[in-house]
$ cat coords.pdb   # PDB, C-alpha atoms, pLDDT in the B column
ATOM      1  CA  LEU A  82     -83.046 -82.302   7.967  1.00 54.00           C
ATOM      2  CA  ALA A  83     -81.010 -85.384   8.854  1.00 57.00           C
ATOM      3  CA  SER A  84     -78.342 -87.189   6.905  1.00 63.00           C
ATOM      4  CA  VAL A  85     -76.927 -90.663   7.245  1.00 65.00           C
ATOM      5  CA  LEU A  86     -73.611 -91.881   5.961  1.00 66.00           C
ATOM      6  CA  GLU A  87     -73.503 -95.607   5.427  1.00 65.00           C
ATOM      7  CA  THR A  88     -70.559 -97.681   4.377  1.00 64.00           C
ATOM      8  CA  HIS A  89     -71.016 -99.452   1.098  1.00 64.00           C
ATOM      9  CA  GLY A  90     -69.956-102.813   2.377  1.00 68.00           C
ATOM     10  CA  TYR A  91     -66.734-104.489   1.421  1.00 70.00           C
ATOM     11  CA  PHE A  92     -65.256-104.423  -2.076  1.00 71.00           C
ATOM     12  CA  ASN A  93     -63.045-107.364  -3.059  1.00 69.00           C
ATOM     13  CA  GLU A  94     -60.714-106.038  -5.750  1.00 74.00           C
ATOM     14  CA  GLU A  95     -59.472-109.489  -6.749  1.00 76.00           C
ATOM     15  CA  PHE A  96     -62.966-110.688  -7.667  1.00 72.00           C
ATOM     16  CA  GLU A  97     -64.389-107.214  -8.420  1.00 72.00           C
ATOM     17  CA  GLN A  98     -67.444-107.779  -6.274  1.00 72.00           C
ATOM     18  CA  SER A  99     -69.072-106.001  -3.352  1.00 73.00           C
ATOM     19  CA  VAL A 100     -70.504-107.628  -0.253  1.00 71.00           C
ATOM     20  CA  ASN A 101     -73.256-105.947   1.824  1.00 67.00           C
ATOM     21  CA  ALA A 102     -73.327-102.944  -0.508  1.00 67.00           C
ATOM     22  CA  ARG A 103     -76.963-101.999   0.082  1.00 71.00           C
ATOM     23  CA  GLY A 104     -78.020 -99.384   2.614  1.00 74.00           C
ATOM     24  CA  LYS A 105     -79.821-100.551   5.739  1.00 81.00           C
ATOM     25  CA  VAL A 106     -81.325 -97.293   7.061  1.00 86.00           C
ATOM     26  CA  ILE A 107     -85.026 -96.949   6.269  1.00 89.00           C
ATOM     27  CA  ASP A 108     -86.009 -93.854   8.253  1.00 91.00           C
ATOM     28  CA  ILE A 109     -84.705 -91.214  10.666  1.00 92.00           C
ATOM     29  CA  LYS A 110     -86.928 -89.216  13.001  1.00 94.00           C
ATOM     30  CA  VAL A 111     -86.052 -86.564  15.526  1.00 95.00           C
ATOM     31  CA  LEU A 112     -88.533 -87.526  18.240  1.00 96.00           C
ATOM     32  CA  GLY A 113     -87.824 -84.451  20.314  1.00 96.00           C
ATOM     33  CA  HIS A 114     -85.269 -81.959  21.537  1.00 96.00           C
ATOM     34  CA  ASP A 115     -84.994 -79.302  24.194  1.00 96.00           C
ATOM     35  CA  GLU A 116     -82.327 -77.686  26.361  1.00 95.00           C
ATOM     36  CA  VAL A 117     -81.667 -81.036  28.085  1.00 94.00           C
ATOM     37  CA  GLY A 118     -81.170 -83.295  25.075  1.00 97.00           C
ATOM     38  CA  SER A 119     -82.229 -84.707  21.744  1.00 97.00           C
ATOM     39  CA  VAL A 120     -83.824 -88.080  21.021  1.00 97.00           C
ATOM     40  CA  VAL A 121     -83.417 -89.512  17.522  1.00 96.00           C
ATOM     41  CA  GLN A 122     -84.930 -92.746  16.216  1.00 95.00           C
ATOM     42  CA  ILE A 123     -83.250 -94.607  13.348  1.00 93.00           C
ATOM     43  CA  THR A 124     -85.106 -97.474  11.697  1.00 93.00           C
ATOM     44  CA  THR A 125     -82.991-100.010   9.822  1.00 90.00           C
ATOM     45  CA  ASN A 126     -83.872-103.230   8.024  1.00 87.00           C
ATOM     46  CA  ASN A 127     -83.568-105.222  11.240  1.00 89.00           C
ATOM     47  CA  SER A 128     -83.445-102.825  14.193  1.00 93.00           C
ATOM     48  CA  LEU A 129     -84.843 -99.736  15.832  1.00 95.00           C
ATOM     49  CA  VAL A 130     -82.056 -97.519  17.186  1.00 95.00           C
ATOM     50  CA  THR A 131     -82.812 -94.785  19.702  1.00 97.00           C
ATOM     51  CA  LEU A 132     -80.027 -92.243  20.193  1.00 96.00           C
ATOM     52  CA  MET A 133     -80.236 -89.932  23.212  1.00 97.00           C
ATOM     53  CA  VAL A 134     -77.767 -87.032  23.193  1.00 97.00           C
ATOM     54  CA  SER A 135     -77.169 -84.400  25.861  1.00 97.00           C
ATOM     55  CA  ASN A 136     -77.494 -80.789  24.704  1.00 96.00           C
ATOM     56  CA  GLN A 137     -75.631 -79.601  27.800  1.00 94.00           C
ATOM     57  CA  ILE A 138     -72.031 -79.609  28.958  1.00 93.00           C
ATOM     58  CA  THR A 139     -71.782 -82.994  30.620  1.00 93.00           C
ATOM     59  CA  THR A 140     -69.485 -85.600  32.128  1.00 94.00           C
ATOM     60  CA  VAL A 141     -69.588 -89.373  31.790  1.00 95.00           C
ATOM     61  CA  SER A 142     -71.551 -89.586  35.045  1.00 95.00           C
ATOM     62  CA  SER A 143     -74.071 -86.760  34.441  1.00 95.00           C
ATOM     63  CA  PRO A 144     -77.677 -88.017  34.557  1.00 96.00           C
ATOM     64  CA  HIS A 145     -80.186 -86.772  31.964  1.00 96.00           C
ATOM     65  CA  SER A 146     -83.944 -87.171  31.757  1.00 96.00           C
ATOM     66  CA  MET A 147     -86.541 -85.899  29.308  1.00 96.00           C
ATOM     67  CA  THR A 148     -90.062 -86.749  28.230  1.00 96.00           C
ATOM     68  CA  VAL A 149     -91.015 -86.867  24.550  1.00 95.00           C
ATOM     69  CA  ASN A 150     -94.562 -87.709  23.448  1.00 93.00           C
ATOM     70  CA  GLN A 151     -95.401 -88.990  26.942  1.00 96.00           C
ATOM     71  CA  LYS A 152     -92.424 -91.364  26.963  1.00 96.00           C
ATOM     72  CA  ASP A 153     -89.590 -90.929  29.453  1.00 96.00           C
ATOM     73  CA  TYR A 154     -85.969 -91.171  28.311  1.00 97.00           C
ATOM     74  CA  GLN A 155     -83.140 -91.394  30.824  1.00 96.00           C
ATOM     75  CA  TRP A 156     -79.418 -91.801  30.260  1.00 97.00           C
ATOM     76  CA  THR A 157     -76.073 -91.075  31.864  1.00 96.00           C
ATOM     77  CA  GLY A 158     -73.211 -89.254  30.171  1.00 96.00           C
ATOM     78  CA  PRO A 159     -73.082 -87.352  26.887  1.00 97.00           C
ATOM     79  CA  TYR A 160     -75.127 -89.933  24.946  1.00 97.00           C
ATOM     80  CA  ALA A 161     -76.753 -93.354  25.054  1.00 97.00           C
ATOM     81  CA  VAL A 162     -77.910 -95.791  22.390  1.00 96.00           C
ATOM     82  CA  ASP A 163     -80.744 -98.290  22.704  1.00 96.00           C
ATOM     83  CA  ILE A 164     -81.036-100.941  19.979  1.00 95.00           C
ATOM     84  CA  THR A 165     -84.146-103.097  19.612  1.00 94.00           C
ATOM     85  CA  ALA A 166     -84.261-105.941  17.112  1.00 92.00           C
ATOM     86  CA  ILE A 167     -87.127-105.928  14.650  1.00 86.00           C
ATOM     87  CA  LYS A 168     -88.634-109.342  14.091  1.00 78.00           C
ATOM     88  CA  GLN A 169     -88.197-110.376  10.465  1.00 70.00           C
ATOM     89  CA  GLU A 170     -91.127-111.812   8.540  1.00 68.00           C
ATOM     90  CA  LYS A 171     -90.510-115.099   6.797  1.00 62.00           C
TER
END
$ encode --input "coords.pdb" --output "structure tokens"
Amino acid sequence: LASVLETHGYFNEEFEQSVNARGKVIDIKVLGHDEVGSVVQITTNNSLVTLMVSNQITTVSSPHSMTVNQKDYQWTGPYAVDITAIKQEK
């Protein structure tokens, strides 16, 4: 079970209007986890975010490597984020 907290944009009290008040997260998937780390994929309206988190005591220079569904993930330190833009249809 995963939860996402999203800001609700900006509220202008003077004009009583909100800007960017709609959520952008479409889906969250835990791609895999083991004693080394966890890999989570977050799909938004315009990007694919891959979060790699160490499940071990680590330092900023500790290397981590794991394979999930035949794909290799490597990062250094406690976590890493990879953001890929999703091409928008016109």
$ closest_residue --input "coords.pdb" --among "A:Asn136, A:Ser119, A:Gln169, A:Val130" --to "A:Tyr154" --atoms "all atoms listed in the file"
A:Ser119
$ atom_distance --input "coords.pdb" --atom1 "atom CA of A:Thr140" --atom2 "atom CA of A:Pro159"
6.6 Å
$ closest_residue --input "coords.pdb" --among "A:Phe92, A:Val134, A:Ser99, A:Ile107" --to "A:Val120" --atoms "only C-alpha atoms"
A:Val134
$ atom_distance --input "coords.pdb" --atom1 "atom CA of A:Gly104" --atom2 "atom CA of A:Ile123"
12.9 Å
$ closest_residue --input "coords.pdb" --among "A:Gln151, A:Ser143, A:Ser128, A:Thr165" --to "A:Leu112" --atoms "all atoms listed in the file"
A:Gln151
$ closest_residue --input "coords.pdb" --among "A:Thr157, A:Gln137, A:Gln98, A:Thr131" --to "A:Asp115" --atoms "all atoms listed in the file"
A:Gln137
$ closest_residue --input "coords.pdb" --among "A:Lys168, A:Val111, A:Val162, A:Phe96" --to "A:Asn127" --atoms "all atoms listed in the file"
A:Lys168
$ atom_distance --input "coords.pdb" --atom1 "atom CA of A:Trp156" --atom2 "atom CA of A:Thr139"
11.7 Å
$ residues_around --input "coords.pdb" --residues "A:His145" --least-positions-apart "4" --cutoff "8 Å" --atoms "all atoms listed in the file" --output "list of chain:residue names"
A:Val117, A:Gly118, A:Ser135, A:Gln155, A:Trp156, A:Thr157, A:Gly158
$ closest_residue --input "coords.pdb" --among "A:His114, A:Ile167, A:Asn150, A:Glu97" --to "A:Leu129" --atoms "all atoms listed in the file"
A:Ile167
$ axis_aligned_box --input "coords.pdb" --around "stretch 103-119 of chain A" --padding-each-side "4 Å" --output "AutoDock Vina command-line options"
--center_x -82.7 --center_y -89.8 --center_z 14.1 --size_x 19.6 --size_y 32.3 --size_z 36.0
$ build_atoms --input "coords.pdb" --residues "stretch 128-161 of chain A" --atoms "N, CA and C atoms" --output "short mmCIF file (atom, residue, chain, number, x, y, z; two decimals), in the frame of the given file"
data_model
loop_
_atom_site.label_atom_id
_atom_site.label_comp_id
_atom_site.auth_asym_id
_atom_site.auth_seq_id
_atom_site.Cartn_x
_atom_site.Cartn_y
_atom_site.Cartn_z
N SER A 128 -83.50 -103.35 12.84
CA SER A 128 -83.44 -102.82 14.19
C SER A 128 -84.05 -101.43 14.29
N LEU A 129 -84.38 -101.08 15.50
CA LEU A 129 -84.84 -99.74 15.83
C LEU A 129 -83.82 -99.16 16.80
N VAL A 130 -83.13 -98.11 16.39
CA VAL A 130 -82.06 -97.52 17.19
C VAL A 130 -82.55 -96.19 17.75
N THR A 131 -82.46 -96.04 19.06
CA THR A 131 -82.81 -94.78 19.70
C THR A 131 -81.53 -94.17 20.24
N LEU A 132 -81.23 -92.97 19.78
CA LEU A 132 -80.03 -92.24 20.19
C LEU A 132 -80.46 -91.08 21.06
N MET A 133 -79.94 -91.02 22.28
CA MET A 133 -80.24 -89.93 23.21
C MET A 133 -78.95 -89.15 23.43
N VAL A 134 -78.97 -87.86 23.13
CA VAL A 134 -77.77 -87.03 23.19
C VAL A 134 -78.01 -85.85 24.11
N SER A 135 -77.06 -85.56 24.98
CA SER A 135 -77.17 -84.40 25.86
C SER A 135 -76.92 -83.13 25.06
N ASN A 136 -77.71 -82.10 25.31
CA ASN A 136 -77.49 -80.79 24.70
C ASN A 136 -76.85 -79.83 25.70
N GLN A 137 -76.27 -80.38 26.76
CA GLN A 137 -75.63 -79.60 27.80
C GLN A 137 -74.18 -80.04 27.95
N ILE A 138 -73.39 -79.19 28.59
CA ILE A 138 -72.03 -79.61 28.96
C ILE A 138 -72.20 -80.71 30.00
N THR A 139 -71.53 -81.82 29.79
CA THR A 139 -71.78 -82.99 30.62
C THR A 139 -70.50 -83.77 30.89
N THR A 140 -70.57 -84.67 31.85
CA THR A 140 -69.48 -85.60 32.13
C THR A 140 -70.01 -87.01 31.90
N VAL A 141 -69.15 -87.99 32.01
CA VAL A 141 -69.59 -89.37 31.79
C VAL A 141 -70.57 -89.85 32.86
N SER A 142 -70.64 -89.15 33.99
CA SER A 142 -71.55 -89.59 35.04
C SER A 142 -72.76 -88.66 35.22
N SER A 143 -72.93 -87.68 34.33
CA SER A 143 -74.07 -86.76 34.44
C SER A 143 -75.37 -87.46 34.03
N PRO A 144 -76.39 -87.42 34.91
CA PRO A 144 -77.68 -88.02 34.56
C PRO A 144 -78.52 -87.04 33.73
N HIS A 145 -79.29 -87.58 32.80
CA HIS A 145 -80.19 -86.77 31.96
C HIS A 145 -81.54 -87.46 31.91
N SER A 146 -82.59 -86.65 31.83
CA SER A 146 -83.94 -87.17 31.76
C SER A 146 -84.80 -86.20 30.96
N MET A 147 -85.59 -86.73 30.05
CA MET A 147 -86.54 -85.90 29.31
C MET A 147 -87.73 -86.74 28.89
N THR A 148 -88.85 -86.08 28.66
CA THR A 148 -90.06 -86.75 28.23
C THR A 148 -90.42 -86.25 26.84
N VAL A 149 -90.64 -87.19 25.93
CA VAL A 149 -91.02 -86.87 24.55
C VAL A 149 -92.25 -87.69 24.21
N ASN A 150 -93.32 -87.02 23.80
CA ASN A 150 -94.56 -87.71 23.45
C ASN A 150 -95.00 -88.68 24.54
N GLN A 151 -94.97 -88.23 25.77
CA GLN A 151 -95.40 -88.99 26.94
C GLN A 151 -94.55 -90.22 27.23
N LYS A 152 -93.35 -90.27 26.68
CA LYS A 152 -92.42 -91.36 26.96
C LYS A 152 -91.19 -90.77 27.63
N ASP A 153 -90.75 -91.40 28.72
CA ASP A 153 -89.59 -90.93 29.45
C ASP A 153 -88.31 -91.56 28.91
N TYR A 154 -87.30 -90.73 28.74
CA TYR A 154 -85.97 -91.17 28.31
C TYR A 154 -84.98 -90.75 29.38
N GLN A 155 -84.15 -91.69 29.82
CA GLN A 155 -83.14 -91.39 30.82
C GLN A 155 -81.83 -92.02 30.39
N TRP A 156 -80.74 -91.27 30.58
CA TRP A 156 -79.42 -91.80 30.26
C TRP A 156 -78.38 -91.09 31.09
N THR A 157 -77.20 -91.64 31.13
CA THR A 157 -76.07 -91.08 31.86
C THR A 157 -74.95 -90.79 30.89
N GLY A 158 -74.33 -89.63 31.04
CA GLY A 158 -73.21 -89.25 30.17
C GLY A 158 -73.67 -88.46 28.97
N PRO A 159 -72.76 -88.20 28.04
CA PRO A 159 -73.08 -87.35 26.89
C PRO A 159 -74.11 -87.96 25.94
N TYR A 160 -74.17 -89.29 25.86
CA TYR A 160 -75.13 -89.93 24.95
C TYR A 160 -75.38 -91.37 25.39
N ALA A 161 -76.44 -91.94 24.85
CA ALA A 161 -76.75 -93.35 25.05
C ALA A 161 -77.45 -93.87 23.81
#
